[in-house]
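Peer 1: The following block contains the structure, expressed as C-alpha cells.
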Amino acid sequence: MNVEEIKGNQAERRKEKKDQAGFWSSVLMTIGPMGLWTILFFVFPFIYIILVSFCTRDQFGNVVYEFSLAGYQMLTRQMYFTVIYQTIIRSAIVTFFVILLAYPYAYLASQANKKIQSMMMIIIMVPFWTSSLLRVYAIMNITSKNGMINSLLMYAGIIKEPLQILYTDAAVNFGMIYCALPMMVMPLYTSLQKLDPSVLEAGRDLGANSFELFLKVIFPLSIPGIMGGVVLVFIPSMFNFFVVDALGGGKLIIIGNVISNQFSTTRNWPFGAALSVVIMILSTVIIYLNNRLSMKAER
Amino acid sequence: MEENMIQLSNVTKTFNNMTAVNSINLTVKKGEFLTFLGPSGCGKTTTLRMIAGFEEPTSGTIEIAGKSCEKLPANKRDVNTVFQNYALFPHLSIWDNIAFGLKLKKLPKAEIKEKVERMITMIKLEEHLNKKPYQLSGGQKQRVAIARSLVNEPKVLLLDEPLGALDLKLRKEMQLELKHLQSELGITFVYVTHDQEEALTISDRIVIMYNGNIEQIGNAEDIYERPRTKFAADFIGETNLLCGKVVESNLDSCKIDVNGTIVASEGSRKYIKGSPVYMSIRPENIHFADSLEDASDYNSLDVIYDEVIYIGNMRRHLLHTPNGDCIKVTRVSRKAEHFDRGQHVKICWSKGRCILVHNESEVNLNERGRN
C-alpha cells in the first residue's frame, strides 16, 4: 500500500469512530432521561424490595439489614395463606363477571356504526378518567342506608326498612367490577373490531345460526382480547385494597390490604416485601401463561 | 321447473337513494356456468350477495330450486359462497375449515371424514391437512375456500371474483381448473368478474351489467358477434362505434345516416326510423377499399389516415372520421398496406359484419325480458 492509501484508511477509521460516537450519544440523549427515570423509580425500588424481603425487623419496627428468611416464614402462617387464597378467589370472581358484562357491550360497540361506536367508548372511558377514589365514594353514597337506592325503594313502598347494601361482600365485588370494567372493554373491543366481516359471513354461508356463529367463530377469535383484559383486571384487582376498605367497611381484607398494613401500621417491612415478591412472581406466571395462550390463539 | 335453478324477478336493490340493482330479471339454468361481467359498481356483486342471502332485495323475488327465498337468511339457503379474500377461519386448520359446514349439519363423523378427505385429495393439499390458513400461499388458500364450499354439495356455488388476488399465470391455471371442476361436478356456478377475457374463457353464458342494469345475456359468441347495447359492444373486445340516425328500416336491412354517409346493416335487429343508434364494427372486419376487388356490396366511409402500429402478426391502423371519431382497423401483416398521415382513405366493411346497437339508458326498447 502506498502513502495515499494508508492515509485514506486512517481517515476512514477516524470517520467510523466519529460516526459511532455520534450514534451512541444520540441514543443516550433519546433514551437517557427515560432510562434514568426508569432506573431510579422502578429498578432501584424493585431491587430494594427484593433485598428487604430477605431482611428482618427489630422490636421497634425498623429494618435490620441481616440476611433472614423471617419475612417468608410469616407467609406460611395459616392466616396469610387464607388471605392469599381468598384474594385469588375474589379476583377470579370479579374477572369472571367483568368478562360477562364487558363482552356484550364490546360486541355491540364493534358492530355498531361509527357514531354510536365512539359514543359507547366515551361512555366507558370518561368515568375511568375520574379518580377511582371519587367513584368509590359515589358508590358508598348511593348504597348507604340513606343513599339513593334505599331512599327510592322506601319511597316506592317496596321495602319498609333500609337494606344493608354497603359494607357487604356484594358491594365490594360490585365496586371492583365497576372499576375494572373499562380495562376489559377496551382490549375486547379492539379484538372484536379486528374481526373480518367476511369471515363472519362465511360462517353464516356455511349454515351457522347466531349462537353457533358466536360459539365457533366469534368467541375463539376474541380470545386474545379476553386474555389481554384478564391480565389488566385480575392482577390489579388483587391489589385494589382501598375499594375493599371503603366498601367493606374494614371488615374484609385482601392481600393488598395486608401488604399496605405491613408498610404502615404493623411496620413489618420484610414481611410486606416478602408478600409483594410472592405476588409479583404469581403475576409474572399469569402474564407468561397469558402470552403463551394468546400466541396460540392468535395464529 | 327443475330446469331453472335460480329465478330473479324484478329484483331491485337501493342503498340510501342510490340504485345498485335496477329491476333485473334473470334465469340461471341448472348445471350452467353463468358469469356476471361488468366494471366496478355495476351491481354484479350486489346481485350475487342477494342470491347468497347477505343482502335483502328492496323489491322483487328470488327463487332458488323452485323455493322462494328472498326473505330467507343466508344460513338457511342451499347455496355456498367463495369469497374474494377467501375468508378462511384463521383459528382453524385446513381440515376443520373444510369440515365446518358438515359439522354444522351434524353429519356422522365417519361421513364427514370421508367427504373432507375426498375434497382435500381433489384440491391436492394432502400434506397441508393440519396447517392454519396463514401458513398457505394465496393459490392454496383459494383452493381451500373452494373446497370448503363444495364439500357441502350446494345446489349453487357462488364465486365473487375469486381469482382477483392471484398472479396472472396462477389465475389462468385456476380458471381452467374451475371450468373442469364445474363440468365434472355438474353444480350450477354463478361467477362474478370484471375481467372480460376470464368471462369469455370459462362461462357458458355471460350477463353483462352496467349501472345496475343488465345490458346483455348470452354466450361468448353471442356477445362478441352480436352485442346488444353500446356498452356491451365496447366492453367486450375492441370495436368502432359510428353514431347515426335510422333512415330506413325494412325486412333485409336497416339503413342509418352517419354524418351524411348512408350505411346499412343486415342484422336481424331492427330499430324504428329516427332512433339514435350506433353502428358497431370490429376492427378485424374493416378493409381498405383499394385492396378490395368488388366493393359494391359493402358499406364505405371516407376517413383520414393517422398512423400504423406494428404488433407482430397484425398491423393496427389508426384513422379518424371527418368529425373526429377514432377508427381502428386491424389487418394481418401479409402485404404492407401503406398510407401517409393525413391521406384520405376509403374504408369498407360488409353489411353482414356490422351491427346496430343503442345506448341502453337513452332508448327504451322492448328487448328486456329476452334471455
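Residues are referred to by chain and number: the chain letter is A, B, ... according to the order shown in the C-alpha cells, the number counts from 1 in that chain, and ligands are numbered separately from 1 in the order shown.
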Tell me which protein, DNA and RNA residues are within 12 Å of Met148 (chain A), counting only C-alpha atoms, leaving out same-chain ones fewer than 4 positions away, and put them as an MDAnalysis selection string.
Peer 2: chainID A and resid 138:144 152:155 162:163 165:166
Peer 1: Could you turn the residues from that selection into a file that holds N, CA and C atoms, as an mmCIF file, in the first residue's frame?
Peer 2:
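What follows is the written file out.cif:
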```cif
data_model
loop_
_atom_site.group_PDB
_atom_site.id
_atom_site.type_symbol
_atom_site.label_atom_id
_atom_site.label_comp_id
_atom_site.auth_asym_id
_atom_site.auth_seq_id
_atom_site.Cartn_x
_atom_site.Cartn_y
_atom_site.Cartn_z
ATOM 1 N N ALA A 138 -68.668 7.707 45.570
ATOM 2 C CA ALA A 138 -70.004 7.861 44.991
ATOM 3 C C ALA A 138 -70.815 6.593 45.207
ATOM 4 N N ILE A 139 -70.156 5.431 45.015
ATOM 5 C CA ILE A 139 -70.865 4.166 45.228
ATOM 6 C C ILE A 139 -71.266 4.037 46.701
ATOM 7 N N MET A 140 -70.357 4.440 47.595
ATOM 8 C CA MET A 140 -70.679 4.389 49.032
ATOM 9 C C MET A 140 -71.922 5.205 49.314
ATOM 10 N N ASN A 141 -71.952 6.381 48.715
ATOM 11 C CA ASN A 141 -73.077 7.288 48.904
ATOM 12 C C ASN A 141 -74.382 6.676 48.436
ATOM 13 N N ILE A 142 -74.339 6.096 47.225
ATOM 14 C CA ILE A 142 -75.579 5.573 46.639
ATOM 15 C C ILE A 142 -76.091 4.367 47.401
ATOM 16 N N THR A 143 -75.137 3.569 47.929
ATOM 17 C CA THR A 143 -75.567 2.311 48.530
ATOM 18 C C THR A 143 -75.756 2.377 50.042
ATOM 19 N N SER A 144 -75.494 3.535 50.632
ATOM 20 C CA SER A 144 -75.604 3.597 52.101
ATOM 21 C C SER A 144 -77.060 3.540 52.542
ATOM 22 N N LEU A 152 -85.074 5.468 47.261
ATOM 23 C CA LEU A 152 -86.021 5.204 46.161
ATOM 24 C C LEU A 152 -86.935 4.034 46.507
ATOM 25 N N LEU A 153 -86.319 2.951 47.003
ATOM 26 C CA LEU A 153 -87.106 1.752 47.291
ATOM 27 C C LEU A 153 -88.116 2.017 48.400
ATOM 28 N N MET A 154 -87.701 2.783 49.423
ATOM 29 C CA MET A 154 -88.610 3.090 50.529
ATOM 30 C C MET A 154 -89.733 3.990 50.027
ATOM 31 N N TYR A 155 -89.358 4.939 49.190
ATOM 32 C CA TYR A 155 -90.359 5.873 48.656
ATOM 33 C C TYR A 155 -91.394 5.137 47.840
ATOM 34 N N PRO A 162 -84.460 0.164 55.522
ATOM 35 C CA PRO A 162 -83.385 0.264 54.513
ATOM 36 C C PRO A 162 -82.573 -1.035 54.448
ATOM 37 N N LEU A 163 -82.165 -1.391 53.220
ATOM 38 C CA LEU A 163 -81.389 -2.618 53.024
ATOM 39 C C LEU A 163 -79.932 -2.377 53.354
ATOM 40 N N ILE A 165 -76.815 -2.640 51.995
ATOM 41 C CA ILE A 165 -76.098 -2.903 50.729
ATOM 42 C C ILE A 165 -74.622 -2.617 50.922
ATOM 43 N N LEU A 166 -74.361 -1.455 51.550
ATOM 44 C CA LEU A 166 -72.974 -1.068 51.761
ATOM 45 C C LEU A 166 -72.346 -1.999 52.791
#
```
Peer 1: I need the contact residues of chain B against chain A, so if you could list those with any atom within 12 Å, counting only C-alpha atoms, and return them as a PyMOL selection string, that would help.
Peer 2: chain B and resi 49+51-55+72-93+96-106+131-135+145-154+157-158+160
Peer 1: When you count only C-alpha atoms, which of these residues is closest to Leu129 (chain B): B:Glu293, B:Glu117, B:Glu248, B:Asp340?
Peer 2: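 Counting only C-alpha atoms, the residue closest to Leu129 (chain B) is B:Glu117.
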Peer 1: Write down as a list of chain:residue names the residues belonging to region 199-368 of chain B that are assigned helix (DSSP H, G or I) by DSSP computed on the backbone.
Peer 2: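 The helix (DSSP H, G or I) subset of region 199-368 of chain B is B:Ala199, B:Leu200, B:Thr201, B:Ile202, B:Ala220, B:Glu221, B:Asp222, B:Ile223, B:Tyr224, B:Glu225, B:Lys230, B:Phe231, B:Ala232, B:Ala233, B:Asp234, B:Phe235, B:Pro283, B:Glu284, B:Asn285, B:Ala289, B:Asp290, B:Ser291, B:Lys351, B:Gly352, B:Arg353.
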